[in-house]
Amino acid sequence: MGIITAFIDDRLKKYDPIWMAEHGTGGQRTRYYDVTGVAKYREWRGVKDTLFDYLSWLSNVLAMGKMVASAPVSIMKGFWEYRWMGSFLGTFMFIDRLFEGYRDEELRVAHAQMHAIVNNLTGRIGYILSHDRRLGASKEKSEKLVPIDEVLPELFMTGFPDLFPVPLQTLPEFIICDVDQHIEPYYIDIAESFGLPADVCSRCAAETGVALDDAFPLVGKALITTNMPCNASEATSMFQRRRVGLPDYQATLAMIHNDDELALPFSREIMKETIAFVEEHYDTKFNWDAFFKAAKRINEQNNFELEKWDYMKTGYTAEVGIAETLYKLYEWQSVNGADPYFNKVDRKVMKRLRKCYEKKYQPFGGRTRHRAFLWGPSAVYYTDFPTWAQNCWGIAIVLNMDSTMGFNMVDTEDPERAIDDLTRLTQKATMRHMAVGGWDNVNAVWEWAHNFNCDMVLMNDNIACKGMLGVHSIMEEQARELGFHFIFIEHDLEDSRTVSRQNMRDCVNQYMSIVLNEEPLDPTIVNFDDSDAY
Amino acid sequence: MKIDLKALLNILLKIGLGLLIFFVVTFTIYMGNFENKLIYYVIRPFLNKHYDAQVRDRRIV
Amino acid sequence: MKDLKHLIYFENLLQDAQNELVTQAVEAGQHALGYNCYYMPEVLLNLDGCFSARLRAPRCTSPDIATYYMTGRTCPYVRSILERAIEGGYNYLSAVFGSESCAAMERMEEHLYLLHPIKHENFFVTIIDPPMRGDKTHLDYYKAQLQKHVLKPLHTVLGVDISDEAMRRAVDRFNELCDVITEIGEFRKLDNPPITGYEFHVIQLVSEVCPHELILPYLKETLEELRTREPEPKFPFRTRVVLAGSEVDDPDFTKLIETCGAMVVADRYCFGSLPSRERIEILPGESAFDAICRHYLHWNQCARFMDGMKIDQRHSELKRLVEEYKADGIIYENMKFCEFWSYEKVLASHIMTAENSIPCCTIEKEYALGSVGQLRTRFQAFVESLEIKKINEQEG
């Protein structure tokens, strides 16, 4: 068998974009129709990896089929009703983009984790749409769902096993912007047509647009909003609460939250009030046993995470780039202990990672030239940016800012200690623990980058993020002082029209070619037009 | 009970053939990126046309 | 109308952050304490031996160095403050009491301890995490923040007496100032007021940036003068508006609106008097500190409050001002790049117009008065629309 695959690999290697780039006959971009981002054919990765990628694709197709089968009428109605639902059709192209150039171990890890996301997300979409009053679900059925702000980690909701938390903005705004760069500008335009200035954070403008367009699923009987992560999200909640029209509670955890003396007691009180709010409006009681079970899962995940970090620090790991980022973001922020399948995947992945470390496995065939820490809120419309950075310039994104979200353990026996730990974990949610809430949070990047043996810091420069813009040059000066290569990647978070993907690539291209005088690994992806791509 | 080897072989052959056809069809779709081409060039424009024609309850409540 | 006796003096006091009264107080050994936001209770910075100075950066038209540090895409107010600090304009300050009222403001305040631009012996910066709701949980948090980040450093670093008695004295002095400003401001309710919005804006600003003790005699004298001041024979403006929104510390902005024919009868913006000049009432059995915290949380109208009660309050408060000050409409302004007011002006102008039938005009502005032509056109059009509305109403 080995001889046959070796023979085929040898005959077909000229179609492998990595081989093509190395031999000057083409590269990753060769197989694309220009502008559209549609590939003429899928990436040839060698027999084994192509078959593996094919099987992963097939299992994702089946997961989607399962979703449609779970609630065919609701799903079809959802596609017809919600513009954002239509964008989910771009998922296959999205996954292809994410894992371009992935081979061998990193491909297996990436797909195992991606499948967990697809599985969970498709299940979630099916469940939400089948409980959406707008699509015909009964009031009683819909009221089992609890709409909560997507930035509020859901661990506390595991104490209500009979209820189903719905991170309200995730489907119409966040995840779908990962998939389709053209969807959020539509909602942003709606918000701006009502007078919202174009200089506010585009993520929150998009959420506002979804609210104004009446495009949130109608679920639940009470809403939980939050002040996380930042000013614009606080402000957009004013619109959302009015449009959703349900009784609401604002989980306003301490913004400056590193101070255990003041912030913890306050935020703990907020957590307790949040739980009490759910109890009151959903006529139920918090179940500590169910919570502790989920907390054990979170603890296991966090333990794995800490172990993974040790491998990542060495470079002998198959957990790399966007695969790591996306999985962590979804597992932590959206699942947050609620789905045991993620722990199962984690265990499998950990076994693989341990082996990789033992055999000193280097991802991407050892083509990595720089180890970079990616800091600042990443462009949601260019999720595969880390993949491009690796394929084009050999810059491995070792860890992303969002992966440093709360990793403290949660007590699984004593409710009082558990609520403290839950509070600590919840306070350190996406973006808010790093980009806002005090200088120490943003300044932490240097220690992270140093500990992960990075020589480079890529700083996401969201042109509307006031928290990060406010420390722009201080960061640059520190990078110079500490000797890091430092690149600002300008972007507009969810509006690909303001700063295109190519504009983002140019930030890196210019630094790599002008400052470092390096040659790209794959010249076909230095400059290309993907403006019409999903 | 006597096992009818021929019938069994026949069934296995059919399953094998079915799997092979399934593999050939799906792998062709996969490798040729046909599902994405269908989505991008046919379904997406169709859905966008529909979405653009929607009358939505667009207002500040 | 006859010119106010001290108006030019007041205007001159606003030309520099360190004006002659500030210098006089500092030379007399008082600690000058800078702050930016209403979340920081002014009265606490006016305990014995110190005085508050709400930070402005007069005539700052090009904050180049601050823009280098914070980019040109952040609030021009905070950039201007940082610029002025770097220029050495706040070297008289013993401390800045900051507030994480918004990300940009916090970042600016962080620069004050990262770059050390303010050259004053033992200068320090503290930053509170202000509350986002108006309930008891948040009141307790507010108290704890103010205890730790204001009272404690005042006492331990500057040796200020923070006892209840000292606070009561500060409240009494503060109330005296508030009473004067409020009485001056109340003239704006008259059909033909003996004061313009511009003049009031100047008066309100000097009360915020000068040591209270030193400015108070001038304010009292101005109040006396206003009591007998003859207004114009006929109301000289075409219409009356409430100015609402984010930071406005440039009286020329008010002047611009008034030159377009709309008198600014009520000032509900950061640096305005509504709120900021309400009396602090200490209830029986209540400590002065508790009363101060309760007062500031109650009156605060910041757009960052998220709970329904406070959101409704800021809208009903606007409606009250429109009614009490007999305004014909509201001008909502927001400082460019201000996330909170960018959102609030969209929502609030909708609520005011659709639910309360109060016409609104929404604009975005720079810190230093710029784009005057565009703004003038907007204001003139708004004034005209208010006039047409009036004519239509009169004609039935």
# chains A, B, ... in the order shown; residues from 1 in each chain; ligands from 1

$ residues_around --residues "region 103-117 of chain C" --least-positions-apart "2" --cutoff "7 Å" --atoms "only C-alpha atoms" --output "number ranges by chain"
A: 231, 436, 439, 466-467, 470-471; C: 74-75, 78, 82, 85-86, 88, 98-101, 119, 125

$ residues_around --residues "Thr383 (chain A)" --least-positions-apart "5" --cutoff "8 Å" --atoms "only C-alpha atoms" --output "ChimeraX atom specification"
/A:98,178,322,378

$ interface_residues --of "chain B" --to "chain C" --cutoff "10 Å" --atoms "only C-alpha atoms" --output "list in words"
Arg59, Ile60 and Val61 of chain B

$ write_last_selection --atoms "N, CA and C atoms" --output "JSON list (two decimals), in the first residue's frame"
[["chain", "number", "residue", "atom", "x", "y", "z"],
["B", 59, "ARG", "N", -36.70, 49.02, 11.81],
["B", 59, "ARG", "CA", -36.96, 50.26, 12.57],
["B", 59, "ARG", "C", -36.32, 50.18, 13.94],
["B", 60, "ILE", "N", -36.20, 51.35, 14.56],
["B", 60, "ILE", "CA", -35.80, 51.37, 15.96],
["B", 60, "ILE", "C", -37.07, 51.19, 16.75],
["B", 61, "VAL", "N", -37.07, 50.22, 17.62],
["B", 61, "VAL", "CA", -38.28, 49.98, 18.41],
["B", 61, "VAL", "C", -38.22, 50.83, 19.66]]

$ residues_around --residues "Lys359 (chain A)" --least-positions-apart "5" --cutoff "10 Å" --atoms "only C-alpha atoms" --output "CSV table (one decimal) with N, CA and C atoms, in the first residue's frame"
chain,number,residue,atom,x,y,z
A,316,TYR,N,7.3,22.0,18.9
A,316,TYR,CA,7.1,20.6,18.5
A,316,TYR,C,5.6,20.3,18.8
A,317,THR,N,4.7,20.8,18.0
A,317,THR,CA,3.3,20.6,18.2
A,317,THR,C,2.5,20.6,16.9
A,353,LEU,N,-0.9,15.1,20.4
A,353,LEU,CA,0.1,16.1,20.7
A,353,LEU,C,1.3,15.6,21.5
A,354,ARG,N,0.9,14.7,22.5
A,354,ARG,CA,2.0,14.1,23.3
A,354,ARG,C,3.0,13.4,22.4

$ closest_residue --among "A:Gly366, A:Gly37, A:Pro415, A:Gly406" --to "Gln181 (chain A)" --atoms "only C-alpha atoms"
A:Gly37

$ select_by_dssp --residues "region 301-354 of chain A" --states "helix (DSSP H, G or I)" --output "VMD selection string"
chain A and resid 301 to 314 321 to 335 340 to 354

$ write_last_selection --atoms "C-alpha atoms" --output "compact mmCIF listing (two decimals), in the first residue's frame"
# COMPACT_ATOMS: atom_id res chain seq x y z
CA GLN A 301 -10.14 21.44 29.16
CA ASN A 302 -8.11 24.04 30.98
CA ASN A 303 -5.64 21.43 32.17
CA PHE A 304 -5.25 20.26 28.61
CA GLU A 305 -4.83 23.83 27.52
CA LEU A 306 -1.99 24.39 29.96
CA GLU A 307 -0.32 21.20 28.77
CA LYS A 308 -0.78 22.24 25.15
CA TRP A 309 0.88 25.54 25.87
CA ASP A 310 3.96 23.72 27.11
CA TYR A 311 4.23 21.96 23.76
CA MET A 312 3.50 25.13 21.85
CA LYS A 313 6.36 26.85 23.59
CA THR A 314 8.76 24.32 22.06
CA GLY A 321 -2.44 28.67 13.85
CA ILE A 322 -6.09 29.20 13.21
CA ALA A 323 -7.03 25.64 14.13
CA GLU A 324 -5.94 26.32 17.69
CA THR A 325 -7.51 29.76 17.83
CA LEU A 326 -10.87 28.87 16.44
CA TYR A 327 -11.26 25.75 18.52
CA LYS A 328 -10.29 27.48 21.72
CA LEU A 329 -12.58 30.40 20.98
CA TYR A 330 -15.55 28.18 20.27
CA GLU A 331 -14.87 25.64 22.99
CA TRP A 332 -14.35 28.26 25.63
CA GLN A 333 -16.72 31.02 24.66
CA SER A 334 -19.62 29.17 23.10
CA VAL A 335 -19.52 25.69 24.63
CA PRO A 340 -18.83 16.51 26.65
CA TYR A 341 -17.97 15.79 23.02
CA PHE A 342 -15.35 18.54 23.20
CA ASN A 343 -13.62 16.79 26.09
CA LYS A 344 -13.60 13.58 24.07
CA VAL A 345 -11.97 15.41 21.17
CA ASP A 346 -9.53 17.05 23.56
CA ARG A 347 -8.43 13.70 24.94
CA LYS A 348 -7.81 12.36 21.43
CA VAL A 349 -5.97 15.48 20.39
CA MET A 350 -3.86 15.46 23.52
CA LYS A 351 -2.70 11.93 22.81
CA ARG A 352 -1.63 13.03 19.38
CA LEU A 353 0.08 16.14 20.70
CA ARG A 354 2.03 14.13 23.26

$ closest_atom_pairs --of "chain A" --to "chain B" --cutoff "8 Å" --atoms "only C-alpha atoms" --output "CSV"
residue,atom,partner,partner_atom,distance
A:Val38,CA,B:Lys37,CA,6.8
A:Ala39,CA,B:Asn33,CA,6.7
A:Lys40,CA,B:Asn33,CA,6.6
A:Tyr41,CA,B:Gly32,CA,4.5
A:Arg42,CA,B:Met31,CA,5.0
A:Glu43,CA,B:Met31,CA,7.8
A:Tyr54,CA,B:Tyr30,CA,6.7
A:Trp57,CA,B:Tyr30,CA,7.8
A:Trp80,CA,B:Leu47,CA,7.8
A:Glu81,CA,B:Tyr51,CA,7.9
A:Tyr82,CA,B:Tyr51,CA,7.9
A:Arg83,CA,B:Tyr51,CA,6.0
A:Gly86,CA,B:Leu47,CA,6.8
A:Leu89,CA,B:Ile39,CA,6.8
A:Gly90,CA,B:Ile39,CA,7.6
A:Phe92,CA,B:Asn36,CA,7.1
A:Met93,CA,B:Asn36,CA,6.6
A:Leu212,CA,B:Arg59,CA,5.3
A:Asp213,CA,B:Arg58,CA,4.6
A:Asp214,CA,B:Asp57,CA,6.3
A:Phe239,CA,B:Ile60,CA,7.4
A:Arg242,CA,B:Val61,CA,6.0
A:Arg243,CA,B:Val61,CA,5.7

$ residues_around --residues "Cys302 (chain C)" --least-positions-apart "6" --cutoff "9 Å" --atoms "only C-alpha atoms" --output "list in words"
Tyr38, Tyr39, Ser101, Gly245, Ser246, Tyr269, Cys270, Lys310, Ile311, Arg314, Phe340 and Trp341 of chain C

$ write_last_selection --atoms "N, CA and C atoms" --output "mmCIF file, in the first residue's frame"
data_model
loop_
_atom_site.group_PDB
_atom_site.id
_atom_site.type_symbol
_atom_site.label_atom_id
_atom_site.label_comp_id
_atom_site.auth_asym_id
_atom_site.auth_seq_id
_atom_site.Cartn_x
_atom_site.Cartn_y
_atom_site.Cartn_z
ATOM 1 N N TYR C 38 -17.860 63.235 35.165
ATOM 2 C CA TYR C 38 -18.833 63.428 36.236
ATOM 3 C C TYR C 38 -18.850 62.249 37.214
ATOM 4 N N TYR C 39 -18.404 61.088 36.747
ATOM 5 C CA TYR C 39 -18.343 59.934 37.649
ATOM 6 C C TYR C 39 -17.434 60.198 38.852
ATOM 7 N N SER C 101 -14.450 55.632 32.509
ATOM 8 C CA SER C 101 -15.782 55.933 31.995
ATOM 9 C C SER C 101 -15.919 55.441 30.568
ATOM 10 N N GLY C 245 -25.641 65.697 25.183
ATOM 11 C CA GLY C 245 -24.662 64.796 24.588
ATOM 12 C C GLY C 245 -23.387 64.684 25.375
ATOM 13 N N SER C 246 -22.295 64.448 24.647
ATOM 14 C CA SER C 246 -21.015 64.185 25.308
ATOM 15 C C SER C 246 -20.316 65.495 25.640
ATOM 16 N N TYR C 269 -24.966 68.073 28.989
ATOM 17 C CA TYR C 269 -23.817 67.397 28.382
ATOM 18 C C TYR C 269 -22.708 67.348 29.410
ATOM 19 N N CYS C 270 -21.679 66.562 29.125
ATOM 20 C CA CYS C 270 -20.555 66.499 30.049
ATOM 21 C C CYS C 270 -19.980 67.920 30.136
ATOM 22 N N LYS C 310 -31.959 53.509 34.312
ATOM 23 C CA LYS C 310 -31.108 54.664 34.019
ATOM 24 C C LYS C 310 -31.287 55.140 32.579
ATOM 25 N N ILE C 311 -31.517 54.196 31.679
ATOM 26 C CA ILE C 311 -31.742 54.608 30.281
ATOM 27 C C ILE C 311 -33.011 55.454 30.213
ATOM 28 N N ARG C 314 -32.494 58.933 31.676
ATOM 29 C CA ARG C 314 -31.834 59.984 30.887
ATOM 30 C C ARG C 314 -32.752 60.530 29.792
ATOM 31 N N PHE C 340 -20.254 55.709 23.184
ATOM 32 C CA PHE C 340 -21.498 55.760 23.946
ATOM 33 C C PHE C 340 -22.501 56.737 23.350
ATOM 34 N N TRP C 341 -22.033 57.960 23.098
ATOM 35 C CA TRP C 341 -22.980 58.956 22.611
ATOM 36 C C TRP C 341 -23.320 58.779 21.143
#

$ closest_atom_pairs --of "chain A" --to "chain C" --cutoff "7 Å" --atoms "only C-alpha atoms" --output "CSV"
residue,atom,partner,partner_atom,distance
A:Phe194,CA,C:Val346,CA,6.9
A:Gly195,CA,C:Val346,CA,6.0
A:Leu196,CA,C:Ser342,CA,6.2
A:Pro197,CA,C:Ser342,CA,6.4
A:Asp199,CA,C:Phe337,CA,6.1
A:Val200,CA,C:Glu339,CA,5.8
A:Asn231,CA,C:Glu339,CA,6.3
A:Ala232,CA,C:Glu339,CA,5.5
A:Glu234,CA,C:Met306,CA,6.7
A:Ala235,CA,C:Phe340,CA,5.7
A:Thr236,CA,C:Tyr343,CA,6.9
A:Met238,CA,C:Met306,CA,6.9
A:Gln250,CA,C:Asp307,CA,6.5
A:Thr252,CA,C:Met132,CA,6.7
A:Met255,CA,C:Asp129,CA,6.4
A:Ile256,CA,C:Asp129,CA,5.9
A:Leu262,CA,C:Ala144,CA,6.9
A:Phe266,CA,C:Tyr141,CA,6.3
A:Val436,CA,C:Ala103,CA,6.7
A:Trp439,CA,C:Glu110,CA,6.9
A:Lys466,CA,C:Ala104,CA,5.6
A:Gly467,CA,C:Ala103,CA,4.9
A:Leu469,CA,C:Met70,CA,5.6
A:Gly470,CA,C:Met70,CA,4.3
A:Val471,CA,C:Met70,CA,5.8
A:His472,CA,C:Met70,CA,5.6
A:Ser473,CA,C:Tyr69,CA,4.6
A:Ile474,CA,C:Tyr69,CA,6.4

$ write_last_selection --atoms "N, CA and C atoms" --output "PDB file, in the first residue's frame"
ATOM      1  N   PHE A 194     -29.493  54.492  10.060  1.00  0.00           N
ATOM      2  CA  PHE A 194     -30.276  55.116  11.128  1.00  0.00           C
ATOM      3  C   PHE A 194     -29.474  56.200  11.851  1.00  0.00           C
ATOM      4  N   GLY A 195     -28.270  56.473  11.352  1.00  0.00           N
ATOM      5  CA  GLY A 195     -27.488  57.570  11.917  1.00  0.00           C
ATOM      6  C   GLY A 195     -26.310  57.153  12.766  1.00  0.00           C
ATOM      7  N   LEU A 196     -26.071  55.866  12.891  1.00  0.00           N
ATOM      8  CA  LEU A 196     -24.917  55.439  13.683  1.00  0.00           C
ATOM      9  C   LEU A 196     -23.641  55.780  12.916  1.00  0.00           C
ATOM     10  N   PRO A 197     -22.693  56.481  13.552  1.00  0.00           N
ATOM     11  CA  PRO A 197     -21.471  56.839  12.826  1.00  0.00           C
ATOM     12  C   PRO A 197     -20.680  55.609  12.394  1.00  0.00           C
ATOM     13  N   ASP A 199     -17.587  55.207  12.621  1.00  0.00           N
ATOM     14  CA  ASP A 199     -16.336  54.976  13.339  1.00  0.00           C
ATOM     15  C   ASP A 199     -16.495  54.140  14.599  1.00  0.00           C
ATOM     16  N   VAL A 200     -17.701  53.643  14.853  1.00  0.00           N
ATOM     17  CA  VAL A 200     -17.847  52.757  16.019  1.00  0.00           C
ATOM     18  C   VAL A 200     -17.413  51.357  15.618  1.00  0.00           C
ATOM     19  N   ASN A 231     -17.025  49.267  25.369  1.00  0.00           N
ATOM     20  CA  ASN A 231     -18.001  50.355  25.325  1.00  0.00           C
ATOM     21  C   ASN A 231     -19.074  50.144  24.268  1.00  0.00           C
ATOM     22  N   ALA A 232     -18.650  49.801  23.062  1.00  0.00           N
ATOM     23  CA  ALA A 232     -19.619  49.694  21.975  1.00  0.00           C
ATOM     24  C   ALA A 232     -20.596  48.552  22.231  1.00  0.00           C
ATOM     25  N   GLU A 234     -21.578  47.586  25.135  1.00  0.00           N
ATOM     26  CA  GLU A 234     -22.525  48.084  26.141  1.00  0.00           C
ATOM     27  C   GLU A 234     -23.607  48.912  25.447  1.00  0.00           C
ATOM     28  N   ALA A 235     -23.139  49.761  24.530  1.00  0.00           N
ATOM     29  CA  ALA A 235     -24.068  50.682  23.886  1.00  0.00           C
ATOM     30  C   ALA A 235     -25.047  49.961  22.958  1.00  0.00           C
ATOM     31  N   THR A 236     -24.566  48.976  22.227  1.00  0.00           N
ATOM     32  CA  THR A 236     -25.471  48.296  21.289  1.00  0.00           C
ATOM     33  C   THR A 236     -26.554  47.510  22.025  1.00  0.00           C
ATOM     34  N   MET A 238     -28.398  48.536  24.176  1.00  0.00           N
ATOM     35  CA  MET A 238     -29.583  49.409  24.330  1.00  0.00           C
ATOM     36  C   MET A 238     -30.581  49.149  23.210  1.00  0.00           C
ATOM     37  N   GLN A 250     -28.679  43.010  33.041  1.00  0.00           N
ATOM     38  CA  GLN A 250     -27.385  43.404  32.493  1.00  0.00           C
ATOM     39  C   GLN A 250     -26.285  42.871  33.405  1.00  0.00           C
ATOM     40  N   THR A 252     -23.199  43.203  34.418  1.00  0.00           N
ATOM     41  CA  THR A 252     -22.161  44.235  34.303  1.00  0.00           C
ATOM     42  C   THR A 252     -20.978  43.900  35.204  1.00  0.00           C
ATOM     43  N   MET A 255     -15.194  46.139  35.019  1.00  0.00           N
ATOM     44  CA  MET A 255     -14.349  46.338  33.838  1.00  0.00           C
ATOM     45  C   MET A 255     -12.874  46.194  34.223  1.00  0.00           C
ATOM     46  N   ILE A 256     -12.499  46.885  35.299  1.00  0.00           N
ATOM     47  CA  ILE A 256     -11.123  46.726  35.793  1.00  0.00           C
ATOM     48  C   ILE A 256     -11.197  45.575  36.789  1.00  0.00           C
ATOM     49  N   LEU A 262     -11.641  44.447  45.236  1.00  0.00           N
ATOM     50  CA  LEU A 262     -12.878  45.168  44.924  1.00  0.00           C
ATOM     51  C   LEU A 262     -13.703  44.483  43.835  1.00  0.00           C
ATOM     52  N   PHE A 266     -17.700  42.288  43.845  1.00  0.00           N
ATOM     53  CA  PHE A 266     -18.747  42.927  43.032  1.00  0.00           C
ATOM     54  C   PHE A 266     -19.200  41.998  41.913  1.00  0.00           C
ATOM     55  N   VAL A 436      -9.247  45.657  26.959  1.00  0.00           N
ATOM     56  CA  VAL A 436      -9.767  46.732  27.812  1.00  0.00           C
ATOM     57  C   VAL A 436      -9.540  46.360  29.286  1.00  0.00           C
ATOM     58  N   TRP A 439      -4.242  48.823  31.741  1.00  0.00           N
ATOM     59  CA  TRP A 439      -2.974  48.715  31.037  1.00  0.00           C
ATOM     60  C   TRP A 439      -2.338  47.343  31.195  1.00  0.00           C
ATOM     61  N   LYS A 466     -11.332  51.410  20.439  1.00  0.00           N
ATOM     62  CA  LYS A 466     -10.769  52.544  21.171  1.00  0.00           C
ATOM     63  C   LYS A 466      -9.789  52.082  22.259  1.00  0.00           C
ATOM     64  N   GLY A 467     -10.071  50.918  22.821  1.00  0.00           N
ATOM     65  CA  GLY A 467      -9.206  50.408  23.881  1.00  0.00           C
ATOM     66  C   GLY A 467      -7.805  50.119  23.386  1.00  0.00           C
ATOM     67  N   LEU A 469      -6.525  51.225  20.330  1.00  0.00           N
ATOM     68  CA  LEU A 469      -5.951  52.397  19.664  1.00  0.00           C
ATOM     69  C   LEU A 469      -5.292  53.317  20.690  1.00  0.00           C
ATOM     70  N   GLY A 470      -5.872  53.316  21.861  1.00  0.00           N
ATOM     71  CA  GLY A 470      -5.377  54.198  22.921  1.00  0.00           C
ATOM     72  C   GLY A 470      -3.976  53.868  23.391  1.00  0.00           C
ATOM     73  N   VAL A 471      -3.462  52.699  23.034  1.00  0.00           N
ATOM     74  CA  VAL A 471      -2.105  52.347  23.463  1.00  0.00           C
ATOM     75  C   VAL A 471      -1.203  52.071  22.262  1.00  0.00           C
ATOM     76  N   HIS A 472      -1.610  52.599  21.131  1.00  0.00           N
ATOM     77  CA  HIS A 472      -0.951  52.282  19.861  1.00  0.00           C
ATOM     78  C   HIS A 472       0.565  52.434  19.924  1.00  0.00           C
ATOM     79  N   SER A 473       1.016  53.635  20.210  1.00  0.00           N
ATOM     80  CA  SER A 473       2.454  53.872  20.089  1.00  0.00           C
ATOM     81  C   SER A 473       3.237  53.394  21.288  1.00  0.00           C
ATOM     82  N   ILE A 474       2.569  53.327  22.422  1.00  0.00           N
ATOM     83  CA  ILE A 474       3.247  52.772  23.598  1.00  0.00           C
ATOM     84  C   ILE A 474       3.648  51.327  23.290  1.00  0.00           C
TER      85      ILE A 474
END

$ residues_around --residues "Asp530 (chain A)" --least-positions-apart "2" --cutoff "8 Å" --atoms "only C-alpha atoms" --output "list in words"
Asp34, Val35, Thr36, Gly37, Arg501, Gln502, Phe528, Asp532 and Ala533 of chain A

$ select_by_dssp --residues "region 263-325 of chain C" --states "strand (DSSP E)" --output "JSON, numbers by chain"
{"C": [263, 264, 265, 266, 267, 268, 269]}

$ write_last_selection --atoms "C-alpha atoms" --output "PDB file, in the first residue's frame"
ATOM      1  CA  MET C 263     -30.779  79.874  22.370  1.00  0.00           C
ATOM      2  CA  VAL C 264     -29.267  77.016  24.373  1.00  0.00           C
ATOM      3  CA  VAL C 265     -31.595  77.064  27.354  1.00  0.00           C
ATOM      4  CA  ALA C 266     -30.408  73.868  29.004  1.00  0.00           C
ATOM      5  CA  ASP C 267     -26.998  72.217  29.064  1.00  0.00           C
ATOM      6  CA  ARG C 268     -27.287  68.451  29.474  1.00  0.00           C
ATOM      7  CA  TYR C 269     -23.817  67.397  28.382  1.00  0.00           C
TER       8      TYR C 269
END

$ atom_distance --atom1 "CA of Lys189 (chain C)" --atom2 "CA of Ile282 (chain C)"
27.6 Å

$ residues_around --residues "Met1 (chain C)" --least-positions-apart "5" --cutoff "12 Å" --atoms "only C-alpha atoms" --output "list of chain:residue names"
C:Asn192, C:Pro193, C:Pro194, C:Ile195, C:Thr196, C:Glu199, C:Glu225, C:Leu226, C:Thr228, C:Arg229, C:Glu230, C:Pro231, C:Glu232, C:Pro233, C:Lys234, C:Phe235, C:Pro236

$ write_last_selection --atoms "N, CA and C atoms" --output "compact mmCIF listing (two decimals), in the first residue's frame"
# COMPACT_ATOMS: atom_id res chain seq x y z
N ASN C 192 -38.09 85.46 28.24
CA ASN C 192 -37.07 86.33 27.66
C ASN C 192 -35.95 86.45 28.69
N PRO C 193 -35.02 85.48 28.70
CA PRO C 193 -34.04 85.41 29.79
C PRO C 193 -33.02 86.55 29.75
N PRO C 194 -32.56 86.97 30.93
CA PRO C 194 -31.55 88.02 30.99
C PRO C 194 -30.13 87.45 30.83
N ILE C 195 -30.03 86.29 30.30
CA ILE C 195 -28.73 85.65 30.12
C ILE C 195 -28.80 84.80 28.86
N THR C 196 -27.67 84.70 28.17
CA THR C 196 -27.66 83.83 26.98
C THR C 196 -27.09 82.47 27.37
N GLU C 199 -23.31 82.82 27.71
CA GLU C 199 -22.86 83.40 28.99
C GLU C 199 -22.94 82.36 30.12
N GLU C 225 -26.11 90.71 39.70
CA GLU C 225 -26.22 91.52 38.49
C GLU C 225 -27.36 91.03 37.61
N LEU C 226 -27.48 89.71 37.52
CA LEU C 226 -28.51 89.13 36.66
C LEU C 226 -29.93 89.39 37.18
N THR C 228 -31.06 91.93 38.28
CA THR C 228 -31.59 93.24 37.85
C THR C 228 -31.27 93.53 36.39
N ARG C 229 -30.69 92.58 35.74
CA ARG C 229 -30.27 92.83 34.36
C ARG C 229 -31.51 92.90 33.45
N GLU C 230 -31.53 93.92 32.66
CA GLU C 230 -32.65 94.10 31.72
C GLU C 230 -32.44 93.22 30.50
N PRO C 231 -33.34 92.33 30.21
CA PRO C 231 -33.17 91.56 28.97
C PRO C 231 -33.45 92.43 27.76
N GLU C 232 -33.23 91.89 26.61
CA GLU C 232 -33.57 92.60 25.36
C GLU C 232 -35.08 92.86 25.37
N PRO C 233 -35.50 93.92 24.70
CA PRO C 233 -36.95 94.21 24.70
C PRO C 233 -37.76 93.03 24.18
N LYS C 234 -37.20 92.31 23.24
CA LYS C 234 -37.91 91.18 22.67
C LYS C 234 -36.94 90.00 22.65
N PHE C 235 -37.44 88.82 22.92
CA PHE C 235 -36.58 87.63 22.92
C PHE C 235 -35.77 87.60 21.61
N PRO C 236 -34.46 87.66 21.72
CA PRO C 236 -33.67 87.88 20.50
C PRO C 236 -33.42 86.62 19.65

$ atom_distance --atom1 "CA of Arg54 (chain C)" --atom2 "CA of Tyr35 (chain C)"
5.0 Å
